[in-house]
file input00.pdb (PDB, C-alpha atoms)
MODEL        1
ATOM      1  CA  MET A 623       0.000   0.000   0.000
ATOM      2  CA  PHE A 624       2.748   2.470   0.892
ATOM      3  CA  SER A 625       5.366   3.384  -1.653
ATOM      4  CA  SER A 626       8.961   2.428  -0.971
ATOM      5  CA  THR A 627      10.250   5.967  -1.723
ATOM      6  CA  LYS A 628       9.946   9.030   0.466
ATOM      7  CA  ALA A 629       8.157  11.012  -2.270
ATOM      8  CA  GLY A 630       5.640   8.193  -2.796
ATOM      9  CA  HIS A 631       5.074   7.962   0.930
ATOM     10  CA  LEU A 632       4.399  11.717   1.186
ATOM     11  CA  ALA A 633       2.139  11.612  -1.899
ATOM     12  CA  HIS A 634       0.116   8.853  -0.262
ATOM     13  CA  ILE A 635      -0.230  10.868   2.949
ATOM     14  CA  PHE A 636      -1.360  13.992   1.080
ATOM     15  CA  ALA A 637      -3.785  12.051  -1.136
ATOM     16  CA  THR A 638      -5.290  10.327   1.878
ATOM     17  CA  SER A 639      -5.673  13.602   3.767
ATOM     18  CA  PHE A 640      -7.225  15.276   0.698
ATOM     19  CA  LEU A 641      -9.701  12.436   0.220
ATOM     20  CA  GLY A 642     -10.468  12.541   3.942
ATOM     21  CA  GLN A 643     -11.250  16.256   3.720
ATOM     22  CA  VAL A 644     -13.486  15.770   0.697
ATOM     23  CA  ALA A 645     -15.306  12.853   2.346
ATOM     24  CA  GLY A 646     -15.651  14.765   5.614
ATOM     25  CA  ASN A 647     -17.131  17.832   3.954
ATOM     26  CA  GLU A 648     -19.314  16.157   1.346
ATOM     27  CA  LEU A 649     -20.680  13.281   3.400
ATOM     28  CA  VAL A 650     -23.053  14.946   5.820
ATOM     29  CA  PRO A 651     -25.858  13.194   7.661
ATOM     30  CA  PRO A 652     -29.217  13.413   5.878
ATOM     31  CA  ASP A 653     -31.949  15.728   7.045
ATOM     32  CA  PRO A 654     -34.576  14.026   9.280
ATOM     33  CA  ASP A 655     -37.341  15.272   6.955
ATOM     34  CA  LYS A 656     -35.682  13.528   4.004
ATOM     35  CA  ILE A 657     -35.387  10.314   6.023
ATOM     36  CA  GLU A 658     -39.113  10.495   6.812
ATOM     37  CA  GLN A 659     -39.992  11.123   3.151
ATOM     38  CA  TYR A 660     -37.902   8.159   2.019
ATOM     39  CA  GLY A 661     -39.538   6.039   4.714
ATOM     40  CA  HIS A 662     -42.985   6.973   3.412
ATOM     41  CA  LEU A 663     -41.903   6.157  -0.138
ATOM     42  CA  VAL A 664     -40.595   2.747   0.913
ATOM     43  CA  ILE A 665     -43.824   1.965   2.778
ATOM     44  CA  GLN A 666     -45.955   3.057  -0.200
ATOM     45  CA  ALA A 667     -43.872   0.906  -2.530
ATOM     46  CA  LEU A 668     -44.285  -2.121  -0.248
ATOM     47  CA  VAL A 669     -48.052  -1.588  -0.021
ATOM     48  CA  ALA A 670     -48.274  -1.284  -3.809
ATOM     49  CA  ILE A 671     -46.274  -4.481  -4.340
ATOM     50  CA  VAL A 672     -48.377  -6.448  -1.843
ATOM     51  CA  THR A 673     -51.625  -5.100  -3.350
ATOM     52  CA  ILE A 674     -50.594  -6.009  -6.887
ATOM     53  CA  TRP A 675     -49.420  -9.440  -5.743
ATOM     54  CA  ALA A 676     -52.726 -10.126  -3.945
ATOM     55  CA  THR A 677     -54.761  -8.943  -6.948
ATOM     56  CA  VAL A 678     -52.854 -11.153  -9.383
ATOM     57  CA  ARG A 679     -53.053 -14.091  -6.987
ATOM     58  CA  LYS A 680     -56.817 -13.637  -6.629
ATOM     59  CA  ALA A 681     -57.256 -13.353 -10.412
ATOM     60  CA  LEU A 682     -55.338 -16.576 -11.000
ATOM     61  CA  GLN A 683     -57.214 -18.465  -8.290
ATOM     62  CA  LYS A 684     -59.464 -21.321  -9.384
ATOM     63  CA  SER A 685     -63.146 -20.567  -8.997
ATOM     64  CA  GLU A 686     -65.006 -22.510  -6.344
ATOM     65  CA  VAL A 687     -67.853 -24.836  -7.247
ATOM     66  CA  VAL A 688     -71.115 -23.678  -5.677
ATOM     67  CA  VAL A 689     -73.524 -26.480  -4.816
ATOM     68  CA  LYS A 690     -77.142 -25.362  -4.544
ATOM     69  CA  ILE A 691     -79.228 -27.250  -1.987
ATOM     70  CA  PRO A 692     -83.024 -27.101  -2.037
ATOM     71  CA  ALA A 693     -84.474 -25.047   0.793
ATOM     72  CA  SER A 694     -86.809 -27.746   2.105
ATOM     73  CA  GLY A 695     -86.511 -28.290   5.822
ATOM     74  CA  PRO A 696     -88.059 -27.527   9.196
ATOM     75  CA  ALA A 697     -88.544 -23.843   8.379
ATOM     76  CA  GLU A 698     -91.188 -24.631   5.742
ATOM     77  CA  THR A 699     -93.292 -26.836   8.029
ATOM     78  CA  ALA A 700     -93.395 -24.458  11.008
ATOM     79  CA  PRO A 701     -96.741 -22.597  11.403
ATOM     80  CA  ALA A 702     -96.627 -18.849  10.968
ATOM     81  CA  ALA A 703     -97.475 -16.733  14.026
ATOM     82  CA  PRO A 704    -100.366 -14.265  13.692
ATOM     83  CA  ALA A 705     -99.456 -10.636  13.049
ATOM     84  CA  SER A 706    -101.234  -9.416  16.193
ATOM     85  CA  GLY A 707     -99.079 -11.565  18.436
ATOM     86  CA  ARG A 708    -102.196 -13.154  19.946
ATOM     87  CA  VAL A 709    -102.654 -16.875  19.582
ATOM     88  CA  ASP A 710    -106.344 -18.032  19.615
ATOM     89  CA  ALA A 711    -107.165 -21.408  21.071
ATOM     90  CA  GLU A 712    -108.934 -23.727  18.700
TER      91      GLU A 712
ENDMDL
END

call {"tool": "encode", "arguments": {"input": "input00.pdb", "output": "structure tokens"}}
result
Amino acid sequence: MFSSTKAGHLAHIFATSFLGQVAGNELVPPDPDKIEQYGHLVIQALVAIVTIWATVRKALQKSEVVVKIPASGPAETAPAAPASGRVDAE
């Protein structure tokens, strides 16, 4: 990594310090508002992907067979109560 000559060694030190200055000045922490905006974008993208996936999955799903059963049973044989709520003795 280091050069074997004194000039190469000094050039490496200066280049490293220059790159360190550039990185230190240019790489600043992001603004909290930008972090929140990117978070919202990521969440919206995930919701969109899951929604599209569920819609495609539902569209490709096999339809269920519906079996219709006749409605005959105890409900048809039960006597209807009078509208007045009074039951007359016969």

call {"tool": "atom_distance", "arguments": {"input": "input00.pdb", "atom1": "atom CA of Gln659 of chain A", "atom2": "atom CA of Thr673 of chain A"}}
result
21.0 Å

call {"tool": "atom_distance", "arguments": {"input": "input00.pdb", "atom1": "atom CA of Phe636 of chain A", "atom2": "atom CA of Val650 of chain A"}}
result
22.2 Å

call {"tool": "atom_distance", "arguments": {"input": "input00.pdb", "atom1": "atom CA of Asp655 of chain A", "atom2": "atom CA of Ile674 of chain A"}}
result
28.6 Å

call {"tool": "build_atoms", "arguments": {"input": "input00.pdb", "residues": "segment 667-678 of chain A", "atoms": "N, CA, C and O atoms", "output": "compact mmCIF listing (two decimals), in the frame of the given file"}}
result
# COMPACT_ATOMS: atom_id res chain seq x y z
N ALA A 667 -44.30 1.89 -1.53
CA ALA A 667 -43.87 0.91 -2.53
C ALA A 667 -44.19 -0.51 -2.05
O ALA A 667 -44.68 -1.34 -2.84
N LEU A 668 -43.96 -0.79 -0.78
CA LEU A 668 -44.28 -2.12 -0.25
C LEU A 668 -45.78 -2.40 -0.30
O LEU A 668 -46.20 -3.50 -0.68
N VAL A 669 -46.59 -1.41 0.04
CA VAL A 669 -48.05 -1.59 -0.02
C VAL A 669 -48.50 -1.83 -1.46
O VAL A 669 -49.34 -2.69 -1.72
N ALA A 670 -47.92 -1.09 -2.40
CA ALA A 670 -48.27 -1.28 -3.81
C ALA A 670 -47.90 -2.68 -4.28
O ALA A 670 -48.69 -3.34 -4.97
N ILE A 671 -46.72 -3.14 -3.91
CA ILE A 671 -46.27 -4.48 -4.34
C ILE A 671 -47.18 -5.56 -3.76
O ILE A 671 -47.61 -6.48 -4.47
N VAL A 672 -47.51 -5.44 -2.47
CA VAL A 672 -48.38 -6.45 -1.84
C VAL A 672 -49.78 -6.41 -2.45
O VAL A 672 -50.39 -7.45 -2.69
N THR A 673 -50.29 -5.21 -2.75
CA THR A 673 -51.62 -5.10 -3.35
C THR A 673 -51.66 -5.72 -4.74
O THR A 673 -52.59 -6.46 -5.07
N ILE A 674 -50.66 -5.43 -5.54
CA ILE A 674 -50.59 -6.01 -6.89
C ILE A 674 -50.46 -7.52 -6.80
O ILE A 674 -51.12 -8.26 -7.53
N TRP A 675 -49.62 -8.00 -5.89
CA TRP A 675 -49.42 -9.44 -5.74
C TRP A 675 -50.73 -10.13 -5.34
O TRP A 675 -51.10 -11.16 -5.89
N ALA A 676 -51.47 -9.53 -4.39
CA ALA A 676 -52.73 -10.13 -3.94
C ALA A 676 -53.77 -10.10 -5.06
O ALA A 676 -54.53 -11.06 -5.22
N THR A 677 -53.80 -9.03 -5.85
CA THR A 677 -54.76 -8.94 -6.95
C THR A 677 -54.47 -9.99 -8.01
O THR A 677 -55.38 -10.67 -8.50
N VAL A 678 -53.22 -10.15 -8.37
CA VAL A 678 -52.85 -11.15 -9.38
C VAL A 678 -53.14 -12.55 -8.85
O VAL A 678 -53.66 -13.41 -9.56
